[in-house]
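Dropping start-v5.cif in here (mmCIF, C-alpha atoms, pLDDT in the B column; chains and numbers go by the auth columns):
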data_run
#
loop_
_atom_site.group_PDB
_atom_site.id
_atom_site.type_symbol
_atom_site.label_atom_id
_atom_site.label_comp_id
_atom_site.label_asym_id
_atom_site.label_seq_id
_atom_site.Cartn_x
_atom_site.Cartn_y
_atom_site.Cartn_z
_atom_site.B_iso_or_equiv
_atom_site.auth_seq_id
_atom_site.auth_asym_id
ATOM 1 C CA GLU A 1 2.801 -20.463 2.744 94.00 1 A
ATOM 2 C CA VAL A 2 0.532 -20.904 5.754 95.00 2 A
ATOM 3 C CA GLN A 3 -2.310 -23.323 5.093 97.00 3 A
ATOM 4 C CA LEU A 4 -5.123 -24.402 7.362 98.00 4 A
ATOM 5 C CA VAL A 5 -7.417 -27.132 6.057 98.00 5 A
ATOM 6 C CA GLU A 6 -10.461 -28.164 8.066 98.00 6 A
ATOM 7 C CA SER A 7 -12.300 -31.450 7.734 98.00 7 A
ATOM 8 C CA GLY A 8 -14.867 -33.520 9.559 98.00 8 A
ATOM 9 C CA GLY A 9 -17.994 -31.441 9.068 97.00 9 A
ATOM 10 C CA ASP A 10 -21.148 -33.455 8.514 97.00 10 A
ATOM 11 C CA LEU A 11 -24.875 -33.776 9.138 98.00 11 A
ATOM 12 C CA VAL A 12 -25.460 -35.070 12.660 98.00 12 A
ATOM 13 C CA GLN A 13 -28.564 -35.567 14.780 98.00 13 A
ATOM 14 C CA PRO A 14 -29.222 -33.475 17.892 98.00 14 A
ATOM 15 C CA GLY A 15 -27.393 -35.004 20.833 98.00 15 A
ATOM 16 C CA GLY A 16 -24.783 -36.515 18.567 98.00 16 A
ATOM 17 C CA SER A 17 -21.020 -36.035 18.387 98.00 17 A
ATOM 18 C CA LEU A 18 -18.542 -34.947 15.778 98.00 18 A
ATOM 19 C CA ARG A 19 -14.803 -34.357 15.663 98.00 19 A
ATOM 20 C CA LEU A 20 -13.401 -31.607 13.487 98.00 20 A
ATOM 21 C CA SER A 21 -9.783 -31.547 12.370 98.00 21 A
ATOM 22 C CA CYS A 22 -7.545 -28.807 11.043 98.00 22 A
ATOM 23 C CA ALA A 23 -4.356 -29.739 9.217 98.00 23 A
ATOM 24 C CA ALA A 24 -1.751 -27.000 9.421 97.00 24 A
ATOM 25 C CA SER A 25 1.252 -26.448 7.190 96.00 25 A
ATOM 26 C CA GLY A 26 3.719 -23.760 6.198 94.00 26 A
ATOM 27 C CA PHE A 27 4.656 -22.723 9.720 93.00 27 A
ATOM 28 C CA THR A 28 5.936 -24.159 12.992 94.00 28 A
ATOM 29 C CA PHE A 29 2.587 -25.301 14.368 95.00 29 A
ATOM 30 C CA SER A 30 3.855 -25.921 17.895 94.00 30 A
ATOM 31 C CA SER A 31 4.849 -22.249 18.255 94.00 31 A
ATOM 32 C CA TYR A 32 1.387 -20.733 17.954 94.00 32 A
ATOM 33 C CA TRP A 33 -1.969 -20.467 19.671 96.00 33 A
ATOM 34 C CA MET A 34 -4.804 -21.807 17.539 96.00 34 A
ATOM 35 C CA SER A 35 -8.538 -21.139 17.544 97.00 35 A
ATOM 36 C CA TRP A 36 -11.915 -22.230 16.261 98.00 36 A
ATOM 37 C CA VAL A 37 -14.429 -19.631 15.076 98.00 37 A
ATOM 38 C CA ARG A 38 -17.890 -20.467 13.759 98.00 38 A
ATOM 39 C CA GLN A 39 -20.514 -18.803 11.620 98.00 39 A
ATOM 40 C CA ALA A 40 -24.132 -19.901 11.557 98.00 40 A
ATOM 41 C CA PRO A 41 -25.793 -19.726 8.112 96.00 41 A
ATOM 42 C CA GLY A 42 -26.384 -16.098 7.193 95.00 42 A
ATOM 43 C CA LYS A 43 -25.144 -14.909 10.586 97.00 43 A
ATOM 44 C CA GLY A 44 -22.063 -13.272 12.079 97.00 44 A
ATOM 45 C CA LEU A 45 -18.844 -14.662 13.459 98.00 45 A
ATOM 46 C CA GLU A 46 -18.591 -16.301 16.865 98.00 46 A
ATOM 47 C CA TRP A 47 -15.345 -17.241 18.566 97.00 47 A
ATOM 48 C CA VAL A 48 -15.598 -20.801 19.932 98.00 48 A
ATOM 49 C CA ALA A 49 -12.334 -21.827 21.570 97.00 49 A
ATOM 50 C CA ASN A 50 -8.594 -21.538 21.538 95.00 50 A
ATOM 51 C CA ILE A 51 -5.587 -23.457 22.778 97.00 51 A
ATOM 52 C CA LYS A 52 -2.061 -22.558 23.809 96.00 52 A
ATOM 53 C CA GLN A 53 1.008 -23.811 22.010 96.00 53 A
ATOM 54 C CA ASP A 54 1.584 -26.704 24.429 95.00 54 A
ATOM 55 C CA GLY A 55 -2.089 -27.364 25.119 96.00 55 A
ATOM 56 C CA THR A 56 -1.878 -26.297 28.768 96.00 56 A
ATOM 57 C CA GLU A 57 -4.359 -23.428 28.397 96.00 57 A
ATOM 58 C CA LYS A 58 -7.739 -23.669 26.747 97.00 58 A
ATOM 59 C CA TYR A 59 -10.594 -21.195 26.563 96.00 59 A
ATOM 60 C CA TYR A 60 -14.198 -21.664 25.453 97.00 60 A
ATOM 61 C CA VAL A 61 -17.240 -19.538 24.780 97.00 61 A
ATOM 62 C CA ASP A 62 -19.849 -20.207 27.466 97.00 62 A
ATOM 63 C CA SER A 63 -22.335 -21.789 25.067 97.00 63 A
ATOM 64 C CA VAL A 64 -20.012 -24.742 24.351 98.00 64 A
ATOM 65 C CA LYS A 65 -18.350 -25.235 27.744 98.00 65 A
ATOM 66 C CA GLY A 66 -18.729 -28.812 28.925 97.00 66 A
ATOM 67 C CA ARG A 67 -19.740 -30.006 25.452 98.00 67 A
ATOM 68 C CA PHE A 68 -16.806 -29.099 23.196 98.00 68 A
ATOM 69 C CA THR A 69 -13.131 -29.890 23.715 98.00 69 A
ATOM 70 C CA ILE A 70 -10.297 -28.286 21.801 98.00 70 A
ATOM 71 C CA SER A 71 -7.046 -30.200 21.486 98.00 71 A
ATOM 72 C CA ARG A 72 -3.951 -30.349 19.348 98.00 72 A
ATOM 73 C CA ASP A 73 -1.278 -32.812 18.253 98.00 73 A
ATOM 74 C CA ASN A 74 1.895 -30.882 17.560 97.00 74 A
ATOM 75 C CA ALA A 75 3.609 -33.961 16.149 97.00 75 A
ATOM 76 C CA LYS A 76 0.895 -34.172 13.497 97.00 76 A
ATOM 77 C CA ASN A 77 0.518 -30.391 13.010 97.00 77 A
ATOM 78 C CA SER A 78 -3.167 -30.782 13.720 98.00 78 A
ATOM 79 C CA LEU A 79 -5.880 -28.998 15.668 98.00 79 A
ATOM 80 C CA TYR A 80 -9.103 -30.694 16.752 98.00 80 A
ATOM 81 C CA LEU A 81 -12.532 -29.839 18.071 98.00 81 A
ATOM 82 C CA GLN A 82 -14.484 -32.645 19.711 98.00 82 A
ATOM 83 C CA MET A 83 -18.132 -31.656 19.770 98.00 83 A
ATOM 84 C CA ASN A 84 -20.561 -33.623 21.955 98.00 84 A
ATOM 85 C CA SER A 85 -24.236 -33.158 22.818 98.00 85 A
ATOM 86 C CA LEU A 86 -24.717 -31.181 19.642 98.00 86 A
ATOM 87 C CA ARG A 87 -27.672 -28.833 19.346 98.00 87 A
ATOM 88 C CA ALA A 88 -29.419 -27.246 16.383 98.00 88 A
ATOM 89 C CA GLU A 89 -27.823 -23.919 17.331 98.00 89 A
ATOM 90 C CA ASP A 90 -24.364 -25.434 16.774 98.00 90 A
ATOM 91 C CA THR A 91 -25.120 -25.573 13.049 98.00 91 A
ATOM 92 C CA ALA A 92 -22.440 -23.448 11.413 98.00 92 A
ATOM 93 C CA ILE A 93 -19.341 -23.270 9.316 98.00 93 A
ATOM 94 C CA TYR A 94 -16.408 -23.912 11.637 98.00 94 A
ATOM 95 C CA TYR A 95 -13.169 -22.142 10.815 98.00 95 A
ATOM 96 C CA CYS A 96 -9.741 -23.027 12.087 97.00 96 A
ATOM 97 C CA ALA A 97 -7.960 -19.730 12.641 95.00 97 A
ATOM 98 C CA GLY A 98 -5.181 -17.985 14.449 88.00 98 A
ATOM 99 C CA VAL A 99 -1.521 -18.793 14.104 86.00 99 A
ATOM 100 C CA ILE A 100 -0.918 -16.260 16.852 88.00 100 A
ATOM 101 C CA GLU A 101 1.851 -15.993 19.410 87.00 101 A
ATOM 102 C CA THR A 102 -0.364 -14.822 22.234 88.00 102 A
ATOM 103 C CA LYS A 103 -4.064 -15.223 22.954 85.00 103 A
ATOM 104 C CA TRP A 104 -4.588 -11.464 22.615 89.00 104 A
ATOM 105 C CA GLU A 105 -3.794 -11.225 18.904 92.00 105 A
ATOM 106 C CA PRO A 106 -6.231 -11.051 15.987 92.00 106 A
ATOM 107 C CA TYR A 107 -6.401 -13.836 13.422 94.00 107 A
ATOM 108 C CA ASP A 108 -4.489 -13.277 10.230 91.00 108 A
ATOM 109 C CA TYR A 109 -4.826 -16.850 8.980 95.00 109 A
ATOM 110 C CA TRP A 110 -8.055 -18.765 8.427 97.00 110 A
ATOM 111 C CA GLY A 111 -8.990 -22.060 6.856 97.00 111 A
ATOM 112 C CA GLN A 112 -11.780 -22.431 4.309 97.00 112 A
ATOM 113 C CA GLY A 113 -14.179 -23.798 6.906 98.00 113 A
ATOM 114 C CA THR A 114 -16.113 -27.031 7.363 98.00 114 A
ATOM 115 C CA LEU A 115 -19.902 -27.188 7.639 98.00 115 A
ATOM 116 C CA VAL A 116 -21.577 -28.804 10.616 98.00 116 A
ATOM 117 C CA THR A 117 -25.318 -29.319 10.364 98.00 117 A
ATOM 118 C CA VAL A 118 -27.246 -30.494 13.406 98.00 118 A
ATOM 119 C CA SER A 119 -30.689 -31.683 12.400 97.00 119 A
ATOM 120 C CA SER A 120 -32.968 -34.680 12.697 96.00 120 A
ATOM 121 C CA ASP B 1 -18.786 -10.539 28.080 94.00 1 B
ATOM 122 C CA ILE B 2 -18.048 -7.390 26.112 96.00 2 B
ATOM 123 C CA GLN B 3 -20.700 -6.595 23.521 97.00 3 B
ATOM 124 C CA LEU B 4 -19.758 -4.924 20.250 98.00 4 B
ATOM 125 C CA THR B 5 -22.440 -3.003 18.359 98.00 5 B
ATOM 126 C CA GLN B 6 -21.766 -2.145 14.746 98.00 6 B
ATOM 127 C CA SER B 7 -23.617 0.527 12.822 97.00 7 B
ATOM 128 C CA PRO B 8 -25.027 0.602 10.349 97.00 8 B
ATOM 129 C CA SER B 9 -25.788 -3.087 9.860 97.00 9 B
ATOM 130 C CA PHE B 10 -26.276 -2.439 6.170 97.00 10 B
ATOM 131 C CA LEU B 11 -25.198 0.329 3.864 97.00 11 B
ATOM 132 C CA SER B 12 -25.573 1.004 0.179 96.00 12 B
ATOM 133 C CA ALA B 13 -22.800 3.009 -1.481 96.00 13 B
ATOM 134 C CA SER B 14 -21.297 3.798 -4.862 95.00 14 B
ATOM 135 C CA VAL B 15 -17.802 3.242 -6.181 95.00 15 B
ATOM 136 C CA GLY B 16 -15.671 6.181 -5.095 96.00 16 B
ATOM 137 C CA ASP B 17 -17.732 6.949 -1.990 96.00 17 B
ATOM 138 C CA ARG B 18 -16.169 7.483 1.406 97.00 18 B
ATOM 139 C CA VAL B 19 -17.611 4.918 3.805 97.00 19 B
ATOM 140 C CA THR B 20 -17.465 4.877 7.606 98.00 20 B
ATOM 141 C CA ILE B 21 -18.484 1.991 9.846 98.00 21 B
ATOM 142 C CA THR B 22 -18.747 2.356 13.615 98.00 22 B
ATOM 143 C CA CYS B 23 -18.127 -0.242 16.304 98.00 23 B
ATOM 144 C CA ARG B 24 -19.106 0.534 19.895 98.00 24 B
ATOM 145 C CA ALA B 25 -17.985 -1.574 22.843 98.00 25 B
ATOM 146 C CA SER B 26 -20.091 -2.111 25.959 98.00 26 B
ATOM 147 C CA GLN B 27 -17.048 -1.266 28.077 97.00 27 B
ATOM 148 C CA GLY B 28 -13.606 0.159 27.452 97.00 28 B
ATOM 149 C CA ILE B 29 -11.250 -2.023 25.449 96.00 29 B
ATOM 150 C CA SER B 30 -8.335 0.373 25.027 96.00 30 B
ATOM 151 C CA SER B 31 -7.139 -0.192 21.446 96.00 31 B
ATOM 152 C CA PHE B 32 -7.618 -3.962 21.388 96.00 32 B
ATOM 153 C CA LEU B 33 -9.827 -3.960 18.331 97.00 33 B
ATOM 154 C CA ALA B 34 -9.497 -5.595 14.933 98.00 34 B
ATOM 155 C CA TRP B 35 -11.460 -5.269 11.706 98.00 35 B
ATOM 156 C CA TYR B 36 -12.122 -8.063 9.213 98.00 36 B
ATOM 157 C CA GLN B 37 -13.583 -8.181 5.721 98.00 37 B
ATOM 158 C CA GLN B 38 -15.590 -11.200 4.587 98.00 38 B
ATOM 159 C CA LYS B 39 -16.818 -11.891 1.087 97.00 39 B
ATOM 160 C CA PRO B 40 -19.564 -14.448 0.353 95.00 40 B
ATOM 161 C CA GLY B 41 -18.363 -18.025 0.663 95.00 41 B
ATOM 162 C CA LYS B 42 -14.943 -16.977 1.897 97.00 42 B
ATOM 163 C CA ALA B 43 -13.154 -16.848 5.226 97.00 43 B
ATOM 164 C CA PRO B 44 -12.696 -13.483 6.932 98.00 44 B
ATOM 165 C CA LYS B 45 -9.611 -11.440 6.116 97.00 45 B
ATOM 166 C CA LEU B 46 -7.821 -9.311 8.696 97.00 46 B
ATOM 167 C CA LEU B 47 -7.689 -5.656 7.661 98.00 47 B
ATOM 168 C CA ILE B 48 -6.728 -3.684 10.756 98.00 48 B
ATOM 169 C CA TYR B 49 -5.499 -4.533 14.252 97.00 49 B
ATOM 170 C CA ALA B 50 -4.763 -2.513 17.376 96.00 50 B
ATOM 171 C CA ALA B 51 -7.579 -0.223 16.215 97.00 51 B
ATOM 172 C CA SER B 52 -5.521 1.598 13.606 98.00 52 B
ATOM 173 C CA THR B 53 -2.647 -0.568 12.321 97.00 53 B
ATOM 174 C CA LEU B 54 -3.069 -1.697 8.733 97.00 54 B
ATOM 175 C CA GLN B 55 -2.352 -5.371 8.161 96.00 55 B
ATOM 176 C CA SER B 56 0.391 -6.007 5.628 95.00 56 B
ATOM 177 C CA GLY B 57 -0.915 -6.040 2.062 96.00 57 B
ATOM 178 C CA VAL B 58 -4.157 -4.205 2.833 97.00 58 B
ATOM 179 C CA PRO B 59 -4.746 -1.146 0.615 97.00 59 B
ATOM 180 C CA SER B 60 -4.173 2.241 2.208 97.00 60 B
ATOM 181 C CA ARG B 61 -7.731 3.356 1.442 98.00 61 B
ATOM 182 C CA PHE B 62 -8.679 1.379 4.561 98.00 62 B
ATOM 183 C CA SER B 63 -8.070 3.071 7.900 98.00 63 B
ATOM 184 C CA GLY B 64 -9.131 2.582 11.483 98.00 64 B
ATOM 185 C CA SER B 65 -9.375 4.876 14.454 98.00 65 B
ATOM 186 C CA GLY B 66 -10.682 5.073 17.984 98.00 66 B
ATOM 187 C CA SER B 67 -9.981 3.843 21.463 97.00 67 B
ATOM 188 C CA GLY B 68 -11.934 3.026 24.589 97.00 68 B
ATOM 189 C CA THR B 69 -15.480 2.303 23.483 98.00 69 B
ATOM 190 C CA GLU B 70 -15.864 3.861 20.051 98.00 70 B
ATOM 191 C CA PHE B 71 -14.087 2.839 16.881 98.00 71 B
ATOM 192 C CA THR B 72 -14.416 3.492 13.179 98.00 72 B
ATOM 193 C CA LEU B 73 -13.370 1.776 9.987 98.00 73 B
ATOM 194 C CA THR B 74 -13.130 4.123 7.012 98.00 74 B
ATOM 195 C CA ILE B 75 -12.791 3.286 3.348 97.00 75 B
ATOM 196 C CA SER B 76 -11.659 6.506 1.700 97.00 76 B
ATOM 197 C CA SER B 77 -12.756 5.652 -1.846 96.00 77 B
ATOM 198 C CA LEU B 78 -14.869 2.528 -2.200 96.00 78 B
ATOM 199 C CA GLN B 79 -13.692 0.122 -4.885 96.00 79 B
ATOM 200 C CA PRO B 80 -15.693 -2.679 -6.544 94.00 80 B
ATOM 201 C CA GLU B 81 -13.735 -5.330 -4.615 95.00 81 B
ATOM 202 C CA ASP B 82 -14.667 -3.704 -1.284 96.00 82 B
ATOM 203 C CA PHE B 83 -18.286 -4.765 -1.407 93.00 83 B
ATOM 204 C CA ALA B 84 -18.385 -7.243 1.452 97.00 84 B
ATOM 205 C CA THR B 85 -19.351 -7.643 5.099 98.00 85 B
ATOM 206 C CA TYR B 86 -17.129 -6.077 7.736 98.00 86 B
ATOM 207 C CA TYR B 87 -16.741 -7.238 11.329 98.00 87 B
ATOM 208 C CA CYS B 88 -15.021 -5.758 14.359 98.00 88 B
ATOM 209 C CA GLN B 89 -13.521 -7.989 17.079 98.00 89 B
ATOM 210 C CA GLN B 90 -12.381 -7.040 20.565 97.00 90 B
ATOM 211 C CA LEU B 91 -9.330 -8.717 22.071 95.00 91 B
ATOM 212 C CA ASN B 92 -9.263 -6.914 25.395 95.00 92 B
ATOM 213 C CA SER B 93 -10.859 -9.689 27.396 94.00 93 B
ATOM 214 C CA TYR B 94 -12.198 -13.190 26.985 92.00 94 B
ATOM 215 C CA PRO B 95 -14.247 -14.252 25.174 93.00 95 B
ATOM 216 C CA PRO B 96 -12.921 -12.296 22.165 95.00 96 B
ATOM 217 C CA THR B 97 -16.288 -11.194 20.781 97.00 97 B
ATOM 218 C CA PHE B 98 -17.228 -9.997 17.299 98.00 98 B
ATOM 219 C CA GLY B 99 -19.621 -7.287 16.258 98.00 99 B
ATOM 220 C CA GLY B 100 -22.747 -8.205 14.326 98.00 100 B
ATOM 221 C CA GLY B 101 -21.318 -7.124 10.981 98.00 101 B
ATOM 222 C CA THR B 102 -21.913 -4.378 8.416 98.00 102 B
ATOM 223 C CA LYS B 103 -22.826 -5.397 4.900 98.00 103 B
ATOM 224 C CA VAL B 104 -21.655 -2.950 2.240 98.00 104 B
ATOM 225 C CA GLU B 105 -23.581 -3.250 -0.994 96.00 105 B
ATOM 226 C CA ILE B 106 -23.493 -1.515 -4.354 87.00 106 B
ATOM 227 C CA LYS B 107 -25.891 1.386 -4.756 86.00 107 B
#

For the file at hand, write its structure as structure tokens.
Amino acid sequence: EVQLVESGGDLVQPGGSLRLSCAASGFTFSSYWMSWVRQAPGKGLEWVANIKQDGTEKYYVDSVKGRFTISRDNAKNSLYLQMNSLRAEDTAIYYCAGVIETKWEPYDYWGQGTLVTVSS
Amino acid sequence: DIQLTQSPSFLSASVGDRVTITCRASQGISSFLAWYQQKPGKAPKLLIYAASTLQSGVPSRFSGSGSGTEFTLTISSLQPEDFATYYCQQLNSYPPTFGGGTKVEIK
């Protein structure tokens, strides 16, 4: 059974940093693209970033470029999102999602999400 | 970026009703469109991909159609477990944007 379990969400001050993790199990992690999608409280879904199987391709939504970095450790079956220079508008539930063979596929697996709150 | 506009943003319906949700893209996206269902406090669930292909395990009362810039999600006979928020997502070009969502509530 595919499982994606996020962790690392917390309350952080504006300008601060946070690193989210996603522990994957039930599938060959190194064979799939992975993504982060976020959802601000009471709002819709926003794709944040994704990463190729070997980490050689990464894509970001414009609003996080230069501040967020997606990475993965295939040996540890883990996906990460390093978030720097956090802003109030980054407050959201962050979902690990994907398990897709190409970057053009929809997301049939999602984690339960981890809450990031950016506030002073 | 490609913008997706869903309508309506909210609808009130009764069990057994036929419900249609529309998703319009700001430019042509062929059939690279997916639909998700999200219930409160839960992660989204993939319902339909490639505009009209039902994801495995999804009830056949859900169907999708369209291509280019206009797409629809139809629930043929609304069931109590279908009350949720529905989102479309385009996968034709990056970033893979989502529509604003349609909340389906009990009348």

Reference answer for the PyMOL selection byres ((chain A) within 6 of (chain B)), as a VMD selection string: chain A and resid 44 104 108 112

I need the residue set behind the PyMOL selection byres ((chain B and resi 12) around 7) for this file; please write it as a PDB file with C-alpha atoms, keeping the file's coordinate frame.
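expr_8.pdb was written with the following content:
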ATOM      1  CA  PHE B  10     -26.276  -2.439   6.170  1.00 97.00           C
ATOM      2  CA  LEU B  11     -25.198   0.329   3.864  1.00 97.00           C
ATOM      3  CA  ALA B  13     -22.800   3.009  -1.481  1.00 96.00           C
ATOM      4  CA  VAL B 104     -21.655  -2.950   2.240  1.00 98.00           C
ATOM      5  CA  GLU B 105     -23.581  -3.250  -0.994  1.00 96.00           C
ATOM      6  CA  ILE B 106     -23.493  -1.515  -4.354  1.00 87.00           C
ATOM      7  CA  LYS B 107     -25.891   1.386  -4.756  1.00 86.00           C
TER       8      LYS B 107
END

Open item on the list: I'd like the residues picked by the PyMOL selection byres ((chain A and resi 97) around 12) written out as an MDAnalysis selection string, using the chain letters and numbers from the file.
Closed with: (chainID A and resid 2:6 21:24 32:38 46:51 79:80 94:96 98:100 103 105:113) or (chainID B and resid 43:46)

As a CSV table (one decimal) with C-alpha atoms, in the coordinates of the input, please: the residues near region 14-30 of chain B (cut-off 8 Å, only C-alpha atoms, same-chain neighbours under 6 positions excluded).
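Final output, saved to selection.csv:
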chain,number,residue,atom,x,y,z
B,2,ILE,CA,-18.0,-7.4,26.1
B,3,GLN,CA,-20.7,-6.6,23.5
B,4,LEU,CA,-19.8,-4.9,20.2
B,5,THR,CA,-22.4,-3.0,18.4
B,6,GLN,CA,-21.8,-2.1,14.7
B,7,SER,CA,-23.6,0.5,12.8
B,8,PRO,CA,-25.0,0.6,10.3
B,67,SER,CA,-10.0,3.8,21.5
B,68,GLY,CA,-11.9,3.0,24.6
B,69,THR,CA,-15.5,2.3,23.5
B,70,GLU,CA,-15.9,3.9,20.1
B,71,PHE,CA,-14.1,2.8,16.9
B,72,THR,CA,-14.4,3.5,13.2
B,73,LEU,CA,-13.4,1.8,10.0
B,74,THR,CA,-13.1,4.1,7.0
B,75,ILE,CA,-12.8,3.3,3.3
B,76,SER,CA,-11.7,6.5,1.7
B,77,SER,CA,-12.8,5.7,-1.8
B,78,LEU,CA,-14.9,2.5,-2.2
B,79,GLN,CA,-13.7,0.1,-4.9
B,80,PRO,CA,-15.7,-2.7,-6.5
B,88,CYS,CA,-15.0,-5.8,14.4
B,90,GLN,CA,-12.4,-7.0,20.6
B,91,LEU,CA,-9.3,-8.7,22.1
B,92,ASN,CA,-9.3,-6.9,25.4
B,93,SER,CA,-10.9,-9.7,27.4
B,99,GLY,CA,-19.6,-7.3,16.3
B,102,THR,CA,-21.9,-4.4,8.4
B,106,ILE,CA,-23.5,-1.5,-4.4
B,107,LYS,CA,-25.9,1.4,-4.8

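The two atoms in question, CA of Val12 (chain A) and CA of Leu115 (chain A), are spaced 10.9 Å apart.
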
Edge lengths and centre in Å to one decimal, as JSON, of the axis-aligned box that encloses all listed atoms of region 110-115 of chain A with 8 Å added on every side?
{"center_x": -14.0, "center_y": -23.0, "center_z": 6.4, "size_x": 27.8, "size_y": 24.4, "size_z": 20.1}

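In this model, the gap between CA of Thr56 (chain A) and CA of Ser31 (chain A) comes to 13.1 Å.
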
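Relative to CA of Gln39 (chain A), CA of Ile70 (chain A) is found at 17.3 Å.
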
ask   = Nearest to Thr53 (chain B): which of B:Gln38, B:Phe83, B:Ser31, B:Lys103 is it, counting only C-alpha atoms?
value =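 Closest to Thr53 (chain B), using only C-alpha atoms: B:Ser31.
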